[in-house]
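What follows is one structure encoded as structure tokens, with my remarks underneath.
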Amino acid sequence: MISVTKLLFAREYYGDNLRYTKNAHTMRNGAAEGMGPVVVWNSTKTCNLKCMHCYMQSDAQKYKDELTTEEAKKFIDDLADFHVPVLLFSGGEPLIRPDFFELAEYAQKKGVRPTLSTNGTLITREVAQRIKDIGVGYVGISLDGLKDVNDKFRGVEGAYEKAMQGIENCVAVGQRVGLRFTINHHNIEELDNIFDFIEEKGINRVCFYHLVYSGRGEKMVNQDVTPAQSRKAMDTIIRRTRDFEERGLEKEILTVDNHCDGVYMYLKALAEGRDETAAQIKKYISMNGGNRSGIAFGEVDPLGYVHPDQFTQHHTFGNVRERKFGDIWTDVSASPILAGLKDRKPLLKGRCAKCKFLDNCNGNFRTRAEAVTGDFWESDPSCYLTDEEIGIK
């Protein structure tokens, strides 16, 4: 996760203490000394939408053998024992679980900060108030464009209007809320509209996700943006972020799942003669250290299996029904993939292995590399920097 606002203006934001502390890529088991990883829990595969890019391949049916309430509480106990700072409830649609509020409140009381990733369509005013009352730190609501684009992408007519109501209900009760937007060929032209939208609606945070080829998203490799489009998208994001700052609008703008964004920002600042900004960007991306899957970021699926991240569920390290999460996460002898992710640089191939910014990117997303090449350690095809820019002759 790259905070564009942080890199450009050095503002302090919620979550910065996890992203910009020590060199997280040098940590073997957690984000910082004495701290476990941020954990995503895909608490259910059931969903009321059917998105084109869903890494879980969710739909509106009941799936068997998902963690029970009591199993989930034991899992949360284990996370607390391992000093996990944040548990992100995701899905499917996590609000479909009837025990969501019970479990989120339980996590909060155990000292594990609950956050929520949702499509927003089920957030009534009452639900928004309950989310706030139990101490959910942040709600991320996914949109993939404005009305027609979003509904086509999410597979259900009316999804946009319901998500809008969910956003408005969160804002109305003072619940911290932001947008999640996955950039792809179908919505690349929506970026300026999204910035207009968050200003109009009083939304103070937006995360622009790069497409990861996993689940149904694996069929969208040819629908991803080109390197030229990625660069143009970043130029738009930087331009609009600067515009907000110049007008005194405090909006937190982030990009997710492609750490070459930070390097691109650094090179762009240098080319524009913004030397102080460039130095600031380099400092922060060096502190962040790049991709943290298997190090400071992990995922548990609805059946309790542990994975490097939510997009890499075809590689499994163990099950929380059988062993504590912390024991699984630190047992590198059980999985060459887990061991490799914690110290991946010697294993990387191609452009990633030769890149002079490897310390700032850490090889980016292994799942994309594997989806395209069949080799988990090959170069991430979504890197849009040129050979010249990354120091390859």
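By convention here, the chains of the structure tokens are called A, B, ... in the order presented, each chain's residues are numbered starting at 1, and ligands are numbered starting at 1 in the order presented.
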
Determine, counting only C-alpha atoms, which protein, DNA and RNA residues have an atom within 6 Å of an atom of A:Trp377; residues of the same chain fewer than 2 positions away are not included. Present the result as a PDB file with N, CA, C and O atoms, in the first residue's frame.
ATOM      1  N   LEU A 348      14.210 -14.285  -6.652  1.00  0.00           N
ATOM      2  CA  LEU A 348      13.567 -13.538  -7.729  1.00  0.00           C
ATOM      3  C   LEU A 348      14.334 -13.673  -9.036  1.00  0.00           C
ATOM      4  O   LEU A 348      15.561 -13.809  -9.051  1.00  0.00           O
ATOM      5  N   LYS A 349      13.585 -13.614 -10.133  1.00  0.00           N
ATOM      6  CA  LYS A 349      14.162 -13.788 -11.464  1.00  0.00           C
ATOM      7  C   LYS A 349      13.819 -12.589 -12.355  1.00  0.00           C
ATOM      8  O   LYS A 349      13.018 -11.734 -11.996  1.00  0.00           O
ATOM      9  N   ASP A 375       5.656 -19.286 -12.973  1.00  0.00           N
ATOM     10  CA  ASP A 375       6.776 -19.324 -12.031  1.00  0.00           C
ATOM     11  C   ASP A 375       6.537 -18.278 -10.948  1.00  0.00           C
ATOM     12  O   ASP A 375       6.463 -17.083 -11.224  1.00  0.00           O
TER      13      ASP A 375
END

Can you tell me, as JSON, numbers by chain, what residues are no more than 8 Å from stretch 89-100 of chain A when counting only C-alpha atoms, ignoring any on the same chain fewer than 5 positions away? {"A": [40, 41, 42, 43, 44, 45, 46, 47, 48, 56, 58, 59, 69, 114, 115, 116, 117, 118, 119, 122]}

Based on the backbone DSSP call, show me all residues of stretch 118-218 of chain A assigned helix (DSSP H, G or I), as number ranges by chain. A: 125-133, 147-154, 159-173, 188-201, 215-218

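Remark: for A:His314, the closest of the candidate residues A:Leu191, A:Ala104, A:Val225, A:Ala371 is A:Ala371 (distances computed over only C-alpha atoms).
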
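Considering the residues A:Val112, A:Pro302, A:Gln175, A:Pro37 and counting only C-alpha atoms, A:Thr330 has its shortest atom-to-atom contact with A:Pro37.
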
List the spatial neighbours of A:Val136 as an MDAnalysis selection string - criterion: any atom at most 12 Å away, only C-alpha atoms, same-chain residues fewer than 5 positions off excluded. chainID A and resid 86:89 100:109 111:117 127:131 170 174:177

Determine, counting only C-alpha atoms, which protein, DNA and RNA residues have an atom within 12 Å of an atom of A:Ala278; residues of the same chain fewer than 5 positions away are not included. Present the result as an NGL selection string. :A and (7-10 or 262-273 or 283-285)

Would you pick out the contacts of stretch 241-249 of chain A at 12 Å or less, using only C-alpha atoms, so that residues sharing its chain but fewer than 4 positions from it are not included, and give the list as a PDB file with all heavy atoms, in the first residue's frame?
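This is the output file out_27.pdb:
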ATOM      1  N   SER A   3       0.864   5.331   0.204  1.00  0.00           N
ATOM      2  CA  SER A   3       0.100   6.540   0.506  1.00  0.00           C
ATOM      3  C   SER A   3       0.655   7.686  -0.329  1.00  0.00           C
ATOM      4  O   SER A   3       1.716   8.239  -0.027  1.00  0.00           O
ATOM      5  CB  SER A   3       0.182   6.884   1.995  1.00  0.00           C
ATOM      6  OG  SER A   3      -0.447   8.135   2.230  1.00  0.00           O
ATOM      7  N   VAL A   4      -0.042   8.013  -1.395  1.00  0.00           N
ATOM      8  CA  VAL A   4       0.392   9.099  -2.276  1.00  0.00           C
ATOM      9  C   VAL A   4       0.470  10.402  -1.493  1.00  0.00           C
ATOM     10  O   VAL A   4       1.417  11.183  -1.640  1.00  0.00           O
ATOM     11  CB  VAL A   4      -0.574   9.219  -3.474  1.00  0.00           C
ATOM     12  CG1 VAL A   4      -0.202  10.414  -4.359  1.00  0.00           C
ATOM     13  CG2 VAL A   4      -0.570   7.930  -4.290  1.00  0.00           C
ATOM     14  N   THR A   5      -0.507  10.624  -0.653  1.00  0.00           N
ATOM     15  CA  THR A   5      -0.544  11.850   0.150  1.00  0.00           C
ATOM     16  C   THR A   5       0.637  11.918   1.111  1.00  0.00           C
ATOM     17  O   THR A   5       1.266  12.967   1.276  1.00  0.00           O
ATOM     18  CB  THR A   5      -1.860  11.924   0.946  1.00  0.00           C
ATOM     19  OG1 THR A   5      -2.938  11.462   0.142  1.00  0.00           O
ATOM     20  CG2 THR A   5      -2.143  13.355   1.382  1.00  0.00           C
ATOM     21  N   LYS A   6       0.941  10.799   1.737  1.00  0.00           N
ATOM     22  CA  LYS A   6       2.071  10.746   2.662  1.00  0.00           C
ATOM     23  C   LYS A   6       3.382  11.041   1.935  1.00  0.00           C
ATOM     24  O   LYS A   6       4.207  11.832   2.405  1.00  0.00           O
ATOM     25  CB  LYS A   6       2.131   9.359   3.302  1.00  0.00           C
ATOM     26  CG  LYS A   6       3.324   9.129   4.229  1.00  0.00           C
ATOM     27  CD  LYS A   6       3.086   9.733   5.571  1.00  0.00           C
ATOM     28  CE  LYS A   6       4.143   9.299   6.564  1.00  0.00           C
ATOM     29  NZ  LYS A   6       3.898   9.899   7.893  1.00  0.00           N
ATOM     30  N   LEU A   7       3.581  10.398   0.795  1.00  0.00           N
ATOM     31  CA  LEU A   7       4.826  10.569   0.058  1.00  0.00           C
ATOM     32  C   LEU A   7       5.008  12.006  -0.421  1.00  0.00           C
ATOM     33  O   LEU A   7       6.120  12.543  -0.409  1.00  0.00           O
ATOM     34  CB  LEU A   7       4.876   9.604  -1.130  1.00  0.00           C
ATOM     35  CG  LEU A   7       5.547   8.247  -0.871  1.00  0.00           C
ATOM     36  CD1 LEU A   7       4.922   7.514   0.312  1.00  0.00           C
ATOM     37  CD2 LEU A   7       5.497   7.376  -2.128  1.00  0.00           C
ATOM     38  N   LEU A   8       3.918  12.631  -0.841  1.00  0.00           N
ATOM     39  CA  LEU A   8       4.019  13.990  -1.368  1.00  0.00           C
ATOM     40  C   LEU A   8       4.085  15.059  -0.285  1.00  0.00           C
ATOM     41  O   LEU A   8       4.813  16.047  -0.429  1.00  0.00           O
ATOM     42  CB  LEU A   8       2.820  14.283  -2.282  1.00  0.00           C
ATOM     43  CG  LEU A   8       2.750  13.541  -3.612  1.00  0.00           C
ATOM     44  CD1 LEU A   8       1.471  13.906  -4.346  1.00  0.00           C
ATOM     45  CD2 LEU A   8       3.961  13.845  -4.486  1.00  0.00           C
ATOM     46  N   PHE A   9       3.342  14.868   0.812  1.00  0.00           N
ATOM     47  CA  PHE A   9       3.167  15.959   1.772  1.00  0.00           C
ATOM     48  C   PHE A   9       3.528  15.610   3.211  1.00  0.00           C
ATOM     49  O   PHE A   9       3.405  16.452   4.099  1.00  0.00           O
ATOM     50  CB  PHE A   9       1.715  16.464   1.722  1.00  0.00           C
ATOM     51  CG  PHE A   9       1.259  16.802   0.333  1.00  0.00           C
ATOM     52  CD1 PHE A   9       0.230  16.099  -0.266  1.00  0.00           C
ATOM     53  CD2 PHE A   9       1.890  17.799  -0.400  1.00  0.00           C
ATOM     54  CE1 PHE A   9      -0.183  16.391  -1.561  1.00  0.00           C
ATOM     55  CE2 PHE A   9       1.488  18.095  -1.693  1.00  0.00           C
ATOM     56  CZ  PHE A   9       0.446  17.391  -2.274  1.00  0.00           C
ATOM     57  N   ALA A  10       3.973  14.373   3.440  1.00  0.00           N
ATOM     58  CA  ALA A  10       4.451  13.940   4.764  1.00  0.00           C
ATOM     59  C   ALA A  10       3.402  14.107   5.862  1.00  0.00           C
ATOM     60  O   ALA A  10       3.737  14.312   7.024  1.00  0.00           O
ATOM     61  CB  ALA A  10       5.732  14.681   5.146  1.00  0.00           C
ATOM     62  N   ARG A  11       2.125  14.002   5.492  1.00  0.00           N
ATOM     63  CA  ARG A  11       1.072  14.078   6.499  1.00  0.00           C
ATOM     64  C   ARG A  11       1.003  12.776   7.294  1.00  0.00           C
ATOM     65  O   ARG A  11       1.372  11.715   6.801  1.00  0.00           O
ATOM     66  CB  ARG A  11      -0.283  14.325   5.839  1.00  0.00           C
ATOM     67  CG  ARG A  11      -0.459  15.718   5.251  1.00  0.00           C
ATOM     68  CD  ARG A  11      -1.909  15.898   4.833  1.00  0.00           C
ATOM     69  NE  ARG A  11      -2.170  17.219   4.288  1.00  0.00           N
ATOM     70  CZ  ARG A  11      -2.379  18.296   5.026  1.00  0.00           C
ATOM     71  NH1 ARG A  11      -2.344  18.184   6.357  1.00  0.00           N
ATOM     72  NH2 ARG A  11      -2.621  19.466   4.477  1.00  0.00           N
ATOM     73  N   LEU A 191     -11.150   7.753 -13.553  1.00  0.00           N
ATOM     74  CA  LEU A 191     -10.358   8.255 -12.429  1.00  0.00           C
ATOM     75  C   LEU A 191     -10.713   9.688 -12.048  1.00  0.00           C
ATOM     76  O   LEU A 191     -10.914   9.992 -10.868  1.00  0.00           O
ATOM     77  CB  LEU A 191      -8.866   8.143 -12.743  1.00  0.00           C
ATOM     78  CG  LEU A 191      -8.286   6.728 -12.721  1.00  0.00           C
ATOM     79  CD1 LEU A 191      -6.803   6.769 -13.051  1.00  0.00           C
ATOM     80  CD2 LEU A 191      -8.502   6.076 -11.375  1.00  0.00           C
ATOM     81  N   ASP A 192     -10.750  10.588 -13.015  1.00  0.00           N
ATOM     82  CA  ASP A 192     -11.100  11.976 -12.686  1.00  0.00           C
ATOM     83  C   ASP A 192     -12.496  12.059 -12.087  1.00  0.00           C
ATOM     84  O   ASP A 192     -12.738  12.842 -11.153  1.00  0.00           O
ATOM     85  CB  ASP A 192     -10.997  12.866 -13.935  1.00  0.00           C
ATOM     86  CG  ASP A 192      -9.616  13.503 -14.083  1.00  0.00           C
ATOM     87  OD1 ASP A 192      -9.105  14.046 -13.075  1.00  0.00           O
ATOM     88  OD2 ASP A 192      -9.046  13.453 -15.179  1.00  0.00           O
ATOM     89  N   ILE A 194     -13.915   9.815 -10.258  1.00  0.00           N
ATOM     90  CA  ILE A 194     -13.855   9.330  -8.878  1.00  0.00           C
ATOM     91  C   ILE A 194     -13.351  10.437  -7.956  1.00  0.00           C
ATOM     92  O   ILE A 194     -13.871  10.618  -6.841  1.00  0.00           O
ATOM     93  CB  ILE A 194     -12.964   8.078  -8.775  1.00  0.00           C
ATOM     94  CG1 ILE A 194     -13.627   6.901  -9.486  1.00  0.00           C
ATOM     95  CG2 ILE A 194     -12.665   7.732  -7.325  1.00  0.00           C
ATOM     96  CD1 ILE A 194     -14.948   6.455  -8.874  1.00  0.00           C
ATOM     97  N   PHE A 195     -12.372  11.214  -8.393  1.00  0.00           N
ATOM     98  CA  PHE A 195     -11.896  12.330  -7.568  1.00  0.00           C
ATOM     99  C   PHE A 195     -12.996  13.384  -7.397  1.00  0.00           C
ATOM    100  O   PHE A 195     -13.174  13.924  -6.298  1.00  0.00           O
ATOM    101  CB  PHE A 195     -10.647  12.958  -8.197  1.00  0.00           C
ATOM    102  CG  PHE A 195      -9.378  12.225  -7.868  1.00  0.00           C
ATOM    103  CD1 PHE A 195      -8.864  11.269  -8.732  1.00  0.00           C
ATOM    104  CD2 PHE A 195      -8.701  12.483  -6.681  1.00  0.00           C
ATOM    105  CE1 PHE A 195      -7.702  10.576  -8.424  1.00  0.00           C
ATOM    106  CE2 PHE A 195      -7.542  11.798  -6.362  1.00  0.00           C
ATOM    107  CZ  PHE A 195      -7.036  10.846  -7.240  1.00  0.00           C
ATOM    108  N   ASP A 196     -13.731  13.678  -8.456  1.00  0.00           N
ATOM    109  CA  ASP A 196     -14.859  14.608  -8.330  1.00  0.00           C
ATOM    110  C   ASP A 196     -15.891  14.059  -7.348  1.00  0.00           C
ATOM    111  O   ASP A 196     -16.447  14.802  -6.527  1.00  0.00           O
ATOM    112  CB  ASP A 196     -15.523  14.822  -9.700  1.00  0.00           C
ATOM    113  CG  ASP A 196     -14.628  15.559 -10.685  1.00  0.00           C
ATOM    114  OD1 ASP A 196     -13.669  16.241 -10.247  1.00  0.00           O
ATOM    115  OD2 ASP A 196     -14.890  15.444 -11.900  1.00  0.00           O
ATOM    116  N   ILE A 198     -15.528  11.881  -4.763  1.00  0.00           N
ATOM    117  CA  ILE A 198     -15.196  11.883  -3.332  1.00  0.00           C
ATOM    118  C   ILE A 198     -15.218  13.302  -2.764  1.00  0.00           C
ATOM    119  O   ILE A 198     -15.532  13.500  -1.592  1.00  0.00           O
ATOM    120  CB  ILE A 198     -13.841  11.189  -3.044  1.00  0.00           C
ATOM    121  CG1 ILE A 198     -12.667  11.949  -3.643  1.00  0.00           C
ATOM    122  CG2 ILE A 198     -13.876   9.748  -3.499  1.00  0.00           C
ATOM    123  CD1 ILE A 198     -11.316  11.412  -3.194  1.00  0.00           C
ATOM    124  N   GLU A 199     -14.923  14.293  -3.612  1.00  0.00           N
ATOM    125  CA  GLU A 199     -15.038  15.677  -3.141  1.00  0.00           C
ATOM    126  C   GLU A 199     -16.501  16.044  -2.915  1.00  0.00           C
ATOM    127  O   GLU A 199     -16.861  16.620  -1.879  1.00  0.00           O
ATOM    128  CB  GLU A 199     -14.401  16.632  -4.145  1.00  0.00           C
ATOM    129  CG  GLU A 199     -14.487  18.083  -3.710  1.00  0.00           C
ATOM    130  CD  GLU A 199     -13.756  19.044  -4.632  1.00  0.00           C
ATOM    131  OE1 GLU A 199     -13.071  18.586  -5.577  1.00  0.00           O
ATOM    132  OE2 GLU A 199     -13.870  20.271  -4.402  1.00  0.00           O
ATOM    133  N   GLU A 200     -17.344  15.688  -3.869  1.00  0.00           N
ATOM    134  CA  GLU A 200     -18.771  16.021  -3.778  1.00  0.00           C
ATOM    135  C   GLU A 200     -19.432  15.360  -2.575  1.00  0.00           C
ATOM    136  O   GLU A 200     -20.261  15.967  -1.890  1.00  0.00           O
ATOM    137  CB  GLU A 200     -19.473  15.567  -5.064  1.00  0.00           C
ATOM    138  CG  GLU A 200     -20.980  15.773  -5.053  1.00  0.00           C
ATOM    139  CD  GLU A 200     -21.662  15.128  -6.249  1.00  0.00           C
ATOM    140  OE1 GLU A 200     -20.966  14.747  -7.209  1.00  0.00           O
ATOM    141  OE2 GLU A 200     -22.904  15.001  -6.209  1.00  0.00           O
ATOM    142  N   GLY A 202     -17.953  14.249   0.214  1.00  0.00           N
ATOM    143  CA  GLY A 202     -17.288  14.454   1.499  1.00  0.00           C
ATOM    144  C   GLY A 202     -16.551  13.234   2.000  1.00  0.00           C
ATOM    145  O   GLY A 202     -16.391  13.038   3.210  1.00  0.00           O
ATOM    146  N   ILE A 203     -16.069  12.387   1.080  1.00  0.00           N
ATOM    147  CA  ILE A 203     -15.314  11.177   1.430  1.00  0.00           C
ATOM    148  C   ILE A 203     -13.841  11.544   1.514  1.00  0.00           C
ATOM    149  O   ILE A 203     -13.303  12.200   0.608  1.00  0.00           O
ATOM    150  CB  ILE A 203     -15.547  10.072   0.387  1.00  0.00           C
ATOM    151  CG1 ILE A 203     -17.031   9.706   0.339  1.00  0.00           C
ATOM    152  CG2 ILE A 203     -14.692   8.849   0.686  1.00  0.00           C
ATOM    153  CD1 ILE A 203     -17.428   8.889  -0.854  1.00  0.00           C
ATOM    154  N   ASN A 204     -13.174  11.116   2.579  1.00  0.00           N
ATOM    155  CA  ASN A 204     -11.826  11.607   2.832  1.00  0.00           C
ATOM    156  C   ASN A 204     -10.715  10.617   2.509  1.00  0.00           C
ATOM    157  O   ASN A 204      -9.540  10.904   2.748  1.00  0.00           O
ATOM    158  CB  ASN A 204     -11.703  12.037   4.302  1.00  0.00           C
ATOM    159  CG  ASN A 204     -12.568  13.243   4.599  1.00  0.00           C
ATOM    160  OD1 ASN A 204     -12.725  14.119   3.759  1.00  0.00           O
ATOM    161  ND2 ASN A 204     -13.163  13.269   5.777  1.00  0.00           N
ATOM    162  N   ARG A 205     -11.065   9.447   1.950  1.00  0.00           N
ATOM    163  CA  ARG A 205     -10.034   8.454   1.655  1.00  0.00           C
ATOM    164  C   ARG A 205     -10.440   7.626   0.446  1.00  0.00           C
ATOM    165  O   ARG A 205     -11.602   7.235   0.317  1.00  0.00           O
ATOM    166  CB  ARG A 205      -9.834   7.537   2.865  1.00  0.00           C
ATOM    167  CG  ARG A 205      -8.613   6.623   2.808  1.00  0.00           C
ATOM    168  CD  ARG A 205      -8.539   5.834   4.108  1.00  0.00           C
ATOM    169  NE  ARG A 205      -7.248   5.210   4.339  1.00  0.00           N
ATOM    170  CZ  ARG A 205      -6.988   3.917   4.142  1.00  0.00           C
ATOM    171  NH1 ARG A 205      -7.931   3.121   3.671  1.00  0.00           N
ATOM    172  NH2 ARG A 205      -5.795   3.421   4.411  1.00  0.00           N
ATOM    173  N   VAL A 206      -9.478   7.340  -0.429  1.00  0.00           N
ATOM    174  CA  VAL A 206      -9.727   6.444  -1.549  1.00  0.00           C
ATOM    175  C   VAL A 206      -8.469   5.637  -1.824  1.00  0.00           C
ATOM    176  O   VAL A 206      -7.354   6.156  -1.790  1.00  0.00           O
ATOM    177  CB  VAL A 206     -10.187   7.204  -2.817  1.00  0.00           C
ATOM    178  CG1 VAL A 206      -9.162   8.228  -3.267  1.00  0.00           C
ATOM    179  CG2 VAL A 206     -10.515   6.244  -3.951  1.00  0.00           C
ATOM    180  N   MET A 234      -1.301   7.114 -12.855  1.00  0.00           N
ATOM    181  CA  MET A 234      -0.536   7.685 -11.748  1.00  0.00           C
ATOM    182  C   MET A 234      -0.390   9.192 -11.900  1.00  0.00           C
ATOM    183  O   MET A 234      -0.454   9.938 -10.911  1.00  0.00           O
ATOM    184  CB  MET A 234       0.834   7.030 -11.647  1.00  0.00           C
ATOM    185  CG  MET A 234       0.829   5.672 -10.975  1.00  0.00           C
ATOM    186  SD  MET A 234       0.082   5.680  -9.316  1.00  0.00           S
ATOM    187  CE  MET A 234       1.180   6.807  -8.444  1.00  0.00           C
ATOM    188  N   ASP A 235      -0.203   9.658 -13.119  1.00  0.00           N
ATOM    189  CA  ASP A 235      -0.125  11.114 -13.343  1.00  0.00           C
ATOM    190  C   ASP A 235      -1.422  11.791 -12.915  1.00  0.00           C
ATOM    191  O   ASP A 235      -1.402  12.864 -12.287  1.00  0.00           O
ATOM    192  CB  ASP A 235       0.155  11.411 -14.824  1.00  0.00           C
ATOM    193  CG  ASP A 235       1.568  11.048 -15.247  1.00  0.00           C
ATOM    194  OD1 ASP A 235       2.437  10.881 -14.365  1.00  0.00           O
ATOM    195  OD2 ASP A 235       1.807  10.936 -16.468  1.00  0.00           O
ATOM    196  N   THR A 236      -2.544  11.158 -13.239  1.00  0.00           N
ATOM    197  CA  THR A 236      -3.845  11.715 -12.825  1.00  0.00           C
ATOM    198  C   THR A 236      -3.972  11.702 -11.306  1.00  0.00           C
ATOM    199  O   THR A 236      -4.399  12.694 -10.690  1.00  0.00           O
ATOM    200  CB  THR A 236      -4.990  10.894 -13.445  1.00  0.00           C
ATOM    201  OG1 THR A 236      -4.923  10.971 -14.868  1.00  0.00           O
ATOM    202  CG2 THR A 236      -6.346  11.400 -12.964  1.00  0.00           C
ATOM    203  N   ILE A 237      -3.607  10.601 -10.678  1.00  0.00           N
ATOM    204  CA  ILE A 237      -3.709  10.484  -9.216  1.00  0.00           C
ATOM    205  C   ILE A 237      -2.825  11.518  -8.530  1.00  0.00           C
ATOM    206  O   ILE A 237      -3.250  12.187  -7.573  1.00  0.00           O
ATOM    207  CB  ILE A 237      -3.343   9.051  -8.778  1.00  0.00           C
ATOM    208  CG1 ILE A 237      -4.430   8.074  -9.239  1.00  0.00           C
ATOM    209  CG2 ILE A 237      -3.152   8.973  -7.264  1.00  0.00           C
ATOM    210  CD1 ILE A 237      -4.055   6.611  -9.110  1.00  0.00           C
ATOM    211  N   ILE A 253      -5.087   9.735  -0.229  1.00  0.00           N
ATOM    212  CA  ILE A 253      -5.118   9.016  -1.491  1.00  0.00           C
ATOM    213  C   ILE A 253      -4.041   7.942  -1.465  1.00  0.00           C
ATOM    214  O   ILE A 253      -2.873   8.228  -1.188  1.00  0.00           O
ATOM    215  CB  ILE A 253      -4.873   9.962  -2.688  1.00  0.00           C
ATOM    216  CG1 ILE A 253      -5.726  11.237  -2.570  1.00  0.00           C
ATOM    217  CG2 ILE A 253      -5.111   9.230  -3.993  1.00  0.00           C
ATOM    218  CD1 ILE A 253      -7.221  11.003  -2.551  1.00  0.00           C
ATOM    219  N   LEU A 254      -4.433   6.688  -1.747  1.00  0.00           N
ATOM    220  CA  LEU A 254      -3.491   5.582  -1.716  1.00  0.00           C
ATOM    221  C   LEU A 254      -3.611   4.742  -2.980  1.00  0.00           C
ATOM    222  O   LEU A 254      -4.666   4.703  -3.627  1.00  0.00           O
ATOM    223  CB  LEU A 254      -3.750   4.686  -0.505  1.00  0.00           C
ATOM    224  CG  LEU A 254      -3.753   5.360   0.868  1.00  0.00           C
ATOM    225  CD1 LEU A 254      -5.184   5.603   1.341  1.00  0.00           C
ATOM    226  CD2 LEU A 254      -3.007   4.515   1.893  1.00  0.00           C
ATOM    227  N   THR A 255      -2.510   4.052  -3.324  1.00  0.00           N
ATOM    228  CA  THR A 255      -2.567   3.009  -4.339  1.00  0.00           C
ATOM    229  C   THR A 255      -2.149   1.698  -3.689  1.00  0.00           C
ATOM    230  O   THR A 255      -1.382   1.687  -2.722  1.00  0.00           O
ATOM    231  CB  THR A 255      -1.672   3.310  -5.555  1.00  0.00           C
ATOM    232  OG1 THR A 255      -0.292   3.235  -5.172  1.00  0.00           O
ATOM    233  CG2 THR A 255      -1.978   4.691  -6.124  1.00  0.00           C
TER     234      THR A 255
END

Of the candidates A:Ala172, A:Ala163, A:Val212, A:Val300, which shows the shortest atom-to-atom distance to A:Pro381, using only C-alpha atoms?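 Going through A:Ala172, A:Ala163, A:Val212, A:Val300 one by one, the smallest distance to A:Pro381 is for A:Val212.
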
How many Å separate atom CA of A:Val139 from atom CA of A:Cys260?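 About the pair atom CA of A:Val139 and atom CA of A:Cys260: they are 26.0 Å apart.
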
re atom CA of A:Arg180 and atom CA of A:Gly166: distance 13.5 Å

Pick from A:Asp359, A:Pro308, A:Glu250, A:Leu385, whichever lies nearest to A:Lys282 using only C-alpha atoms: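 Distance minimum relative to A:Lys282 lands on A:Asp359.
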
Which residues, written as a ChimeraX atom specification, have at least one atom at most 8 Å from stretch 181-188 of chain A, with only C-alpha atoms counted and residues fewer than 6 positions away on the same chain left out? /A:142-145,149,206-211,223-225,229,233

Set the distance at 12 Å and use only C-alpha atoms: which residues neighbour A:Cys383 once local chain neighbours fewer than 6 positions away are removed? I'd like the list as a count of residues only. 32

Which value, in Å to one decimal, gives the distance between atom CA of A:Val173 and atom CA of A:Tyr13?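 So the two atoms, atom CA of A:Val173 and atom CA of A:Tyr13, lie 20.6 Å apart.
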